[in-house]
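Below is the file query-v3.tsv, which contains TSV, C-alpha atoms.
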chain	number	residue	atom	x	y	z
E	214	MET	CA	-57.85	-8.66	-12.38
E	215	ARG	CA	-55.52	-10.91	-10.42
E	216	PRO	CA	-51.85	-10.68	-11.41
E	217	SER	CA	-50.37	-13.62	-13.23
E	218	ARG	CA	-47.87	-15.96	-11.62
E	219	ALA	CA	-45.01	-14.40	-13.56
E	220	GLN	CA	-45.99	-10.90	-12.41
E	221	ALA	CA	-46.29	-12.05	-8.79
E	222	GLU	CA	-42.88	-13.70	-8.93
E	223	GLU	CA	-41.40	-10.59	-10.51
E	224	ARG	CA	-42.79	-8.39	-7.72
E	225	LEU	CA	-41.64	-10.83	-5.05
E	226	PHE	CA	-38.10	-11.03	-6.41
E	227	GLY	CA	-38.06	-7.24	-6.83
E	228	VAL	CA	-38.83	-6.80	-3.12
E	229	LEU	CA	-36.35	-9.51	-2.11
E	230	ARG	CA	-33.64	-7.87	-4.21
E	231	TRP	CA	-34.02	-4.61	-2.33
E	232	VAL	CA	-34.14	-6.37	1.03
E	233	VAL	CA	-30.95	-8.31	0.31
E	234	THR	CA	-29.25	-5.17	-1.06
E	235	VAL	CA	-30.10	-3.18	2.07
E	236	LEU	CA	-28.94	-6.01	4.37
E	237	LEU	CA	-25.64	-6.38	2.52
E	238	ALA	CA	-25.13	-2.62	2.58
E	239	LEU	CA	-25.74	-2.50	6.33
E	240	VAL	CA	-23.39	-5.42	6.98
E	241	THR	CA	-20.70	-3.70	4.90
E	242	VAL	CA	-21.17	-0.05	5.84
E	243	LEU	CA	-21.99	-0.23	9.56
E	244	PRO	CA	-18.69	-1.77	10.73
E	245	PHE	CA	-16.67	0.71	8.68
E	246	GLY	CA	-18.86	3.59	9.84
E	247	TYR	CA	-18.43	2.61	13.49
E	248	MET	CA	-14.68	2.29	12.98
E	249	LEU	CA	-14.59	5.77	11.41
E	250	LEU	CA	-16.69	7.13	14.27
E	251	LEU	CA	-14.32	5.79	16.91
E	252	SER	CA	-11.29	7.12	15.06
E	253	VAL	CA	-12.47	10.75	15.40
E	254	LYS	CA	-13.66	10.46	19.00
E	255	SER	CA	-11.51	11.35	21.99
E	256	ILE	CA	-10.50	8.46	24.21
E	257	ASP	CA	-12.17	10.11	27.23
E	258	ALA	CA	-15.53	10.28	25.46
E	259	LEU	CA	-15.19	6.67	24.33
E	260	LEU	CA	-14.48	5.44	27.86
E	261	LEU	CA	-17.43	7.38	29.28
E	262	GLU	CA	-19.99	6.25	26.69
E	263	PRO	CA	-18.58	3.43	24.52
E	264	GLY	CA	-21.94	2.57	22.96
E	265	ARG	CA	-22.92	6.04	21.75
E	266	LEU	CA	-23.14	6.11	17.95
E	267	TRP	CA	-22.48	9.79	17.31
E	268	VAL	CA	-19.74	12.34	17.94
E	269	SER	CA	-20.44	15.84	19.19
E	270	ALA	CA	-18.42	18.83	17.99
E	271	ARG	CA	-16.71	18.99	21.39
E	272	GLU	CA	-15.56	15.38	21.15
E	273	PHE	CA	-14.46	15.46	17.51
E	274	THR	CA	-10.70	15.22	17.08
E	275	LEU	CA	-8.14	14.40	14.42
E	276	ALA	CA	-5.34	13.93	16.94
E	277	THR	CA	-5.58	10.16	16.44
E	278	TYR	CA	-4.71	10.49	12.74
E	279	ARG	CA	-1.84	12.85	13.53
E	280	GLN	CA	-0.48	10.32	15.99
E	281	VAL	CA	-0.85	7.48	13.51
E	282	LEU	CA	0.79	9.32	10.60
E	283	ARG	CA	3.53	11.11	12.59
E	284	PRO	CA	7.00	9.52	12.25
E	285	ALA	CA	8.10	7.22	15.05
E	286	SER	CA	11.06	9.52	15.74
E	287	GLU	CA	8.54	12.21	16.71
E	288	GLY	CA	6.49	9.96	18.98
E	289	GLY	CA	3.98	8.78	16.35
E	290	GLN	CA	3.29	5.42	14.76
E	291	GLY	CA	4.99	6.09	11.41
E	292	PHE	CA	2.07	5.02	9.23
E	293	LEU	CA	2.88	7.57	6.52
E	294	ARG	CA	6.12	5.75	5.76
E	295	MET	CA	4.31	2.42	5.94
E	296	LEU	CA	1.76	3.67	3.42
E	297	VAL	CA	4.58	4.47	1.02
E	298	ASN	CA	6.13	1.03	1.55
E	299	SER	CA	2.79	-0.73	1.03
E	300	GLY	CA	2.12	1.34	-2.07
E	301	LEU	CA	5.50	0.50	-3.60
E	302	VAL	CA	5.14	-3.21	-2.87
E	303	SER	CA	1.52	-3.37	-4.10
E	304	LEU	CA	2.08	-1.39	-7.30
E	305	GLY	CA	5.24	-3.37	-8.05
E	306	THR	CA	3.32	-6.60	-7.52
E	307	VAL	CA	0.55	-5.46	-9.87
E	308	ALA	CA	3.04	-4.45	-12.59
E	309	LEU	CA	5.07	-7.67	-12.39
E	310	THR	CA	1.97	-9.86	-12.15
E	311	LEU	CA	0.32	-8.36	-15.22
E	312	LEU	CA	3.62	-8.46	-17.10
E	313	ALA	CA	3.78	-12.21	-16.52
E	314	ALA	CA	0.05	-13.03	-16.58
E	315	ILE	CA	-0.90	-11.32	-19.87
E	316	PRO	CA	1.32	-13.44	-22.16
E	317	GLY	CA	0.58	-16.52	-20.03
E	318	ALA	CA	-3.19	-16.08	-20.25
E	319	TYR	CA	-3.01	-15.33	-23.98
E	320	ALA	CA	-0.87	-18.42	-24.61
E	321	VAL	CA	-3.28	-20.66	-22.69
E	322	THR	CA	-6.21	-19.17	-24.63
E	323	ARG	CA	-4.91	-19.07	-28.21
E	324	LEU	CA	-1.97	-21.46	-28.53
E	325	ARG	CA	-2.46	-25.19	-28.81
E	326	PHE	CA	0.05	-27.39	-26.98
E	327	PHE	CA	0.10	-30.62	-25.02
E	328	GLY	CA	-1.79	-30.23	-21.73
E	329	SER	CA	-3.23	-26.81	-22.59
E	330	ARG	CA	-6.63	-27.77	-21.14
E	331	GLN	CA	-5.10	-28.76	-17.81
E	332	VAL	CA	-2.93	-25.68	-17.39
E	333	SER	CA	-5.67	-23.56	-15.82
E	334	ALA	CA	-6.38	-26.23	-13.24
E	335	LEU	CA	-2.67	-26.48	-12.48
E	336	PHE	CA	-2.48	-22.73	-11.93
E	337	LEU	CA	-5.30	-22.86	-9.41
E	338	ALA	CA	-3.73	-25.90	-7.75
E	339	VAL	CA	-1.12	-23.53	-6.33
E	340	TYR	CA	-3.76	-22.47	-3.80
E	341	LEU	CA	-3.97	-26.01	-2.47
E	342	PHE	CA	-0.66	-25.35	-0.73
E	343	PRO	CA	-1.08	-23.35	2.50
E	344	ALA	CA	1.03	-20.21	2.81
E	345	THR	CA	2.67	-21.50	5.99
E	346	LEU	CA	4.03	-24.50	4.04
E	347	LEU	CA	5.80	-22.21	1.56
E	348	ALA	CA	6.94	-19.60	4.07
E	349	VAL	CA	10.07	-21.33	5.43
E	350	PRO	CA	11.52	-22.49	2.05
E	351	LEU	CA	10.93	-19.03	0.56
E	352	PHE	CA	12.53	-17.36	3.58
E	353	VAL	CA	15.64	-19.54	3.32
E	354	MET	CA	15.93	-19.08	-0.43
E	355	PHE	CA	15.51	-15.29	-0.32
E	356	ALA	CA	17.92	-15.03	2.61
E	357	LYS	CA	20.60	-16.79	0.54
E	358	LEU	CA	19.88	-14.42	-2.36
E	359	GLY	CA	20.24	-11.40	-0.09
E	360	LEU	CA	16.63	-10.30	-0.60
E	361	GLN	CA	15.52	-10.75	2.99
E	362	GLY	CA	14.20	-7.49	4.38
E	363	SER	CA	13.79	-5.85	0.96
E	364	LEU	CA	10.55	-4.56	-0.51
E	365	GLY	CA	11.54	-5.94	-3.90
E	366	GLY	CA	11.95	-9.44	-2.51
E	367	LEU	CA	8.55	-9.20	-0.83
E	368	ALA	CA	6.98	-8.13	-4.13
E	369	LEU	CA	8.51	-11.18	-5.85
E	370	VAL	CA	6.97	-13.44	-3.21
E	371	TYR	CA	3.58	-11.86	-3.82
E	372	VAL	CA	3.98	-12.28	-7.59
E	373	ALA	CA	4.42	-16.02	-7.11
E	374	GLN	CA	1.05	-16.04	-5.33
E	375	THR	CA	-0.88	-13.73	-7.62
E	376	VAL	CA	0.22	-14.83	-11.11
E	377	PRO	CA	-1.87	-18.06	-11.12
E	378	VAL	CA	-5.14	-16.32	-10.23
E	379	ALA	CA	-4.35	-13.44	-12.60
E	380	VAL	CA	-3.78	-15.89	-15.48
E	381	TYR	CA	-7.07	-17.60	-14.68
E	382	MET	CA	-9.01	-14.30	-14.58
E	383	LEU	CA	-7.50	-12.95	-17.80
E	384	ARG	CA	-7.99	-16.25	-19.60
E	385	ASN	CA	-11.73	-16.06	-18.97
E	386	TYR	CA	-11.76	-12.71	-20.77
E	387	PHE	CA	-9.41	-13.55	-23.64
E	388	VAL	CA	-11.61	-16.47	-24.72
E	389	THR	CA	-14.43	-13.96	-25.38
E	390	VAL	CA	-12.31	-11.90	-27.81
E	391	PRO	CA	-13.31	-13.04	-31.33
E	392	ALA	CA	-10.49	-14.81	-33.10
E	393	THR	CA	-11.59	-13.11	-36.33
E	394	LEU	CA	-10.23	-9.80	-35.01
E	395	GLU	CA	-6.80	-11.33	-34.63
E	396	GLU	CA	-7.03	-12.96	-38.04
E	397	ALA	CA	-7.88	-9.59	-39.58
E	398	ALA	CA	-4.87	-8.02	-37.84
E	399	ALA	CA	-2.66	-10.83	-39.16
E	400	LEU	CA	-3.91	-10.17	-42.71
E	401	ASP	CA	-2.95	-6.51	-42.24
E	402	GLY	CA	0.61	-7.61	-41.51
E	403	CYS	CA	0.62	-7.58	-37.68
E	404	THR	CA	2.79	-10.04	-35.84
E	405	ARG	CA	1.43	-12.01	-32.90
E	406	LEU	CA	2.96	-9.52	-30.46
E	407	GLN	CA	1.56	-6.52	-32.37
E	408	THR	CA	-1.88	-8.17	-32.42
E	409	VAL	CA	-1.83	-8.57	-28.67
E	410	ARG	CA	-0.66	-5.00	-28.12
E	411	LYS	CA	-2.91	-3.24	-30.64
E	412	VAL	CA	-6.05	-5.43	-30.66
E	413	VAL	CA	-6.35	-7.65	-27.60
E	414	LEU	CA	-5.05	-5.39	-24.83
E	415	PRO	CA	-7.22	-2.35	-25.71
E	416	LEU	CA	-10.28	-4.61	-25.58
E	417	ALA	CA	-9.11	-6.14	-22.30
E	418	VAL	CA	-8.79	-2.89	-20.32
E	419	PRO	CA	-11.80	-3.67	-18.04
E	420	SER	CA	-10.47	-7.14	-17.27
E	421	LEU	CA	-6.95	-5.82	-16.71
E	422	THR	CA	-8.35	-3.23	-14.30
E	423	ALA	CA	-10.31	-5.82	-12.34
E	424	THR	CA	-7.33	-8.18	-12.17
E	425	GLY	CA	-4.96	-5.38	-11.19
E	426	LEU	CA	-7.25	-4.22	-8.37
E	427	TYR	CA	-7.61	-7.75	-7.08
E	428	VAL	CA	-3.84	-8.25	-7.08
E	429	PHE	CA	-3.34	-4.85	-5.43
E	430	MET	CA	-5.77	-5.78	-2.67
E	431	ILE	CA	-3.97	-9.08	-2.02
E	432	ALA	CA	-0.57	-7.39	-1.75
E	433	TRP	CA	-1.90	-4.46	0.30
E	434	ASN	CA	-3.54	-6.63	2.97
E	435	GLU	CA	-1.04	-9.53	3.14
E	436	PHE	CA	0.51	-10.05	6.57
E	437	LEU	CA	2.29	-13.41	6.94
E	438	PHE	CA	5.07	-12.95	4.38
E	439	ALA	CA	5.44	-9.26	5.26
E	440	LEU	CA	6.04	-10.27	8.88
E	441	LEU	CA	8.46	-13.02	7.88
E	442	PHE	CA	10.56	-10.90	5.52
E	443	LEU	CA	10.41	-7.45	7.11
E	444	ALA	CA	10.15	-8.06	10.87
E	445	ALA	CA	13.79	-7.09	11.44
E	446	ARG	CA	13.51	-3.89	9.34
E	447	PRO	CA	10.91	-1.57	10.98
E	448	GLU	CA	11.70	1.21	8.51
E	449	ARG	CA	10.39	-1.03	5.71
E	450	TRP	CA	7.24	-2.27	7.41
E	451	THR	CA	3.97	-2.26	5.48
E	452	VAL	CA	0.67	-0.95	6.84
E	453	SER	CA	-0.56	-4.42	7.79
E	454	LEU	CA	2.47	-4.89	10.04
E	455	GLY	CA	1.97	-1.47	11.58
E	456	LEU	CA	-1.67	-2.22	12.29
E	457	GLN	CA	-0.75	-5.48	14.00
E	458	GLN	CA	1.72	-3.56	16.13
E	459	LEU	CA	-1.07	-1.19	17.18
E	460	ALA	CA	-3.44	-4.07	17.93
E	461	GLY	CA	-0.85	-5.74	20.14
E	462	GLY	CA	0.15	-2.57	21.97
E	463	VAL	CA	-1.10	-2.42	25.55
E	464	GLU	CA	-0.74	1.36	25.84
E	465	VAL	CA	-2.24	2.19	22.43
E	466	PRO	CA	-5.76	3.71	22.73
E	467	LYS	CA	-8.46	1.98	20.72
E	468	THR	CA	-9.23	5.26	18.97
E	469	VAL	CA	-5.67	5.26	17.56
E	470	LEU	CA	-6.12	1.62	16.51
E	471	MET	CA	-9.32	2.55	14.67
E	472	ALA	CA	-7.54	5.45	12.95
E	473	GLY	CA	-4.87	3.03	11.78
E	474	SER	CA	-7.57	0.68	10.47
E	475	VAL	CA	-9.16	3.53	8.52
E	476	VAL	CA	-5.77	4.47	7.05
E	477	LEU	CA	-5.31	0.85	5.94
E	478	THR	CA	-8.79	0.61	4.40
E	479	VAL	CA	-9.31	3.97	2.68
E	480	PRO	CA	-6.75	3.62	-0.19
E	481	VAL	CA	-8.33	0.38	-1.41
E	482	VAL	CA	-11.86	1.83	-1.12
E	483	LEU	CA	-10.85	4.92	-3.10
E	484	LEU	CA	-9.29	2.77	-5.82
E	485	PHE	CA	-12.46	0.69	-6.10
E	486	PHE	CA	-14.62	3.81	-6.41
E	487	ALA	CA	-12.27	5.38	-8.97
E	488	ALA	CA	-12.37	2.29	-11.19
E	489	GLU	CA	-15.94	1.19	-10.42
E	490	ARG	CA	-17.16	1.10	-14.02
E	491	LEU	CA	-14.12	-0.75	-15.38
E	492	LEU	CA	-14.15	-3.07	-12.38
E	493	THR	CA	-17.79	-4.05	-12.97
E	494	GLU	CA	-17.15	-4.72	-16.65
E	495	GLY	CA	-14.04	-6.72	-15.85
E	496	LEU	CA	-15.67	-8.92	-13.23
E	497	THR	CA	-18.50	-9.83	-15.60
E	498	ALA	CA	-16.17	-10.39	-18.54
E	499	GLY	CA	-16.41	-13.91	-19.83
E	500	ALA	CA	-19.95	-14.45	-18.65
E	501	ASP	CA	-21.43	-14.04	-22.13
E	502	LYS	CA	-20.44	-17.02	-24.24
E	503	SER	CA	-22.59	-16.16	-27.23

Hey, can you dump this file as structure tokens for me?
Amino acid sequence: MRPSRAQAEERLFGVLRWVVTVLLALVTVLPFGYMLLLSVKSIDALLLEPGRLWVSAREFTLATYRQVLRPASEGGQGFLRMLVNSGLVSLGTVALTLLAAIPGAYAVTRLRFFGSRQVSALFLAVYLFPATLLAVPLFVMFAKLGLQGSLGGLALVYVAQTVPVAVYMLRNYFVTVPATLEEAAALDGCTRLQTVRKVVLPLAVPSLTATGLYVFMIAWNEFLFALLFLAARPERWTVSLGLQQLAGGVEVPKTVLMAGSVVLTVPVVLLFFAAERLLTEGLTAGADKS
């Protein structure tokens, strides 16, 4: 018996799904795999056979990572200190962003005020302004405040960029929380703040995780403002600045550059794997409007 049209389409889309998945996996994994391969290969082996896609036991080395992580005072690149700086800035940005975005997103979702429907569009309108347009005014303002060259000042700059998108992401989740749950909490004597803390936030953990990871990734990879605010303070450089220094160095072997790229990438990858389930739930939050 010939399969029906629906069955044929289902089989076709099933095959196409696997084909697309494999292609996307190859496009994502192969560049990172080749970068990891080069980072553990000696520079002599790379120069002799640059196209070879494997590393023998004789060629395998971790000297590149030791050079990247060793302090600059000991002849290394000082990436260990840069990792700490990037971690402090990124985690501080996440904390400050969520602290500002949670009440903002809740207010836009639940409170009724003039222009409430246009607020979300206004938040996203921030991204119509290119970063280069805001760089000079922010630099002048923070220099007058004495925050130039400080990690805290850099985190505040990032917060100004990440709060709008965080409010937009959290708003899409808060609208899916049934208002009846908050009404029941109010009948039990909870204030608005207690309702948010005891009812809304526990339900919003997946969305908070997804938003926090997105904000962390923005702050971890940002380069322009880090260069503008920290260029004169090498001891406070972030990893993105250190990697640019390696890329522009004439005497830096490409294997060391690849090791620095791996060091920059791995923390974000590990965070995504650690929070994979919550991240998936958070990214799909708001899709069901039933």

**Who sits within 8 Å of Ala432 (chain E), all atoms listed in the file, same chain under 6 positions skipped, as a PyMOL selection string** = chain E and resi 299+302-303+306+368+371

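Closest to Leu440 (chain E) among E:Phe486, E:Gly362, E:Phe387, E:Ala472 is E:Gly362, based on all atoms listed in the file.
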
Give me, as a tab-separated table, each residue of region 232-328 of chain E that comes within 12 Å of region 396-407 of chain E, together with its shortest interatomic pair and the distance in Å at one decimal, counting all atoms listed in the file, with rows ordered by chain and rising residue number.
residue	atom	partner	partner_atom	distance
E:Ile315	CA	E:Leu406	CA	11.4
E:Pro316	CA	E:Leu406	CA	9.3
E:Tyr319	CA	E:Arg405	CA	10.5
E:Ala320	CA	E:Arg405	CA	10.7
E:Arg323	CA	E:Arg405	CA	10.6
E:Leu324	CA	E:Arg405	CA	11.0

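Look at Thr322 (chain E): the protein and nucleic acid residues within 7 Å of it, using only C-alpha atoms and passing over chain neighbours fewer than 4 places away, are Ala318, Arg384, Phe387 and Val388 of chain E.
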
**Asked** Between CA of Phe245 (chain E) and CA of Gly305 (chain E), what is the spacing in Å?
**Response** 27.9 Å

**Fill in**
Students should find that CA of Val253 (chain E) and CA of Thr277 (chain E) are spaced 7.0 Å

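In this structure, CA of Ala313 (chain E) sits 8.9 Å away from CA of Val372 (chain E).
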
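Counting all atoms listed in the file, the residue from E:Thr345, E:Trp450, E:Leu358, E:Pro391 that sits nearest to Leu437 (chain E) is E:Thr345.
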
Could you give me the axis-aligned bounding box of region 431-434 of chain E, with 3 Å of padding per side, as centre plus edge lengths in Å to one decimal, as AutoDock Vina command-line options?
--center_x -2.3 --center_y -6.8 --center_z 0.5 --size_x 9.4 --size_y 10.6 --size_z 11.0

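Each of E:Leu260, E:Val240, E:Val376, E:Leu383 was checked against Leu421 (chain E) using only C-alpha atoms; the smallest atom-to-atom distance is that of E:Leu383.
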
**Request:** Please provide the set of residues having any atom within 9 Å of Asn434 (chain E), restricted to only C-alpha atoms, with same-chain residues fewer than 6 positions apart removed, written as a PyMOL selection string.
**Result:** chain E and resi 299+452-453+477

**Test item: residues at most 8 Å from Gly366 (chain E), all atoms listed in the file, excluding those fewer than 5 positions along its chain, as a ChimeraX atom specification** = /E:355,360-361

**Request:** Write out as a PyMOL selection string which residues come within 10 Å of Ile431 (chain E) when counting all atoms listed in the file, dropping same-chain ones fewer than 2 positions away.
**Result:** chain E and resi 303+306-307+371+374-375+425-429+433-436

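Closest to Val321 (chain E) among E:Val232, E:Ala270, E:Ala356, E:Val380 is E:Val380, based on all atoms listed in the file.
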
**Item:** For Thr393 (chain E), the nearest of the candidates E:Ala219, E:Val412, E:Leu251, E:Val418, counting only C-alpha atoms
**Value:** E:Val412

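Comparing E:Gly300, E:Pro343, E:Pro350, E:Gly291 by their smallest distance to Gln458 (chain E), the closest is E:Gly291 (using all atoms listed in the file).
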
**Selection as number ranges by chain: residues within 12 Å of (1.5, -22.3, -0.7), counting only C-alpha atoms** = E: 336-351, 370-371, 373-375, 377, 437-438
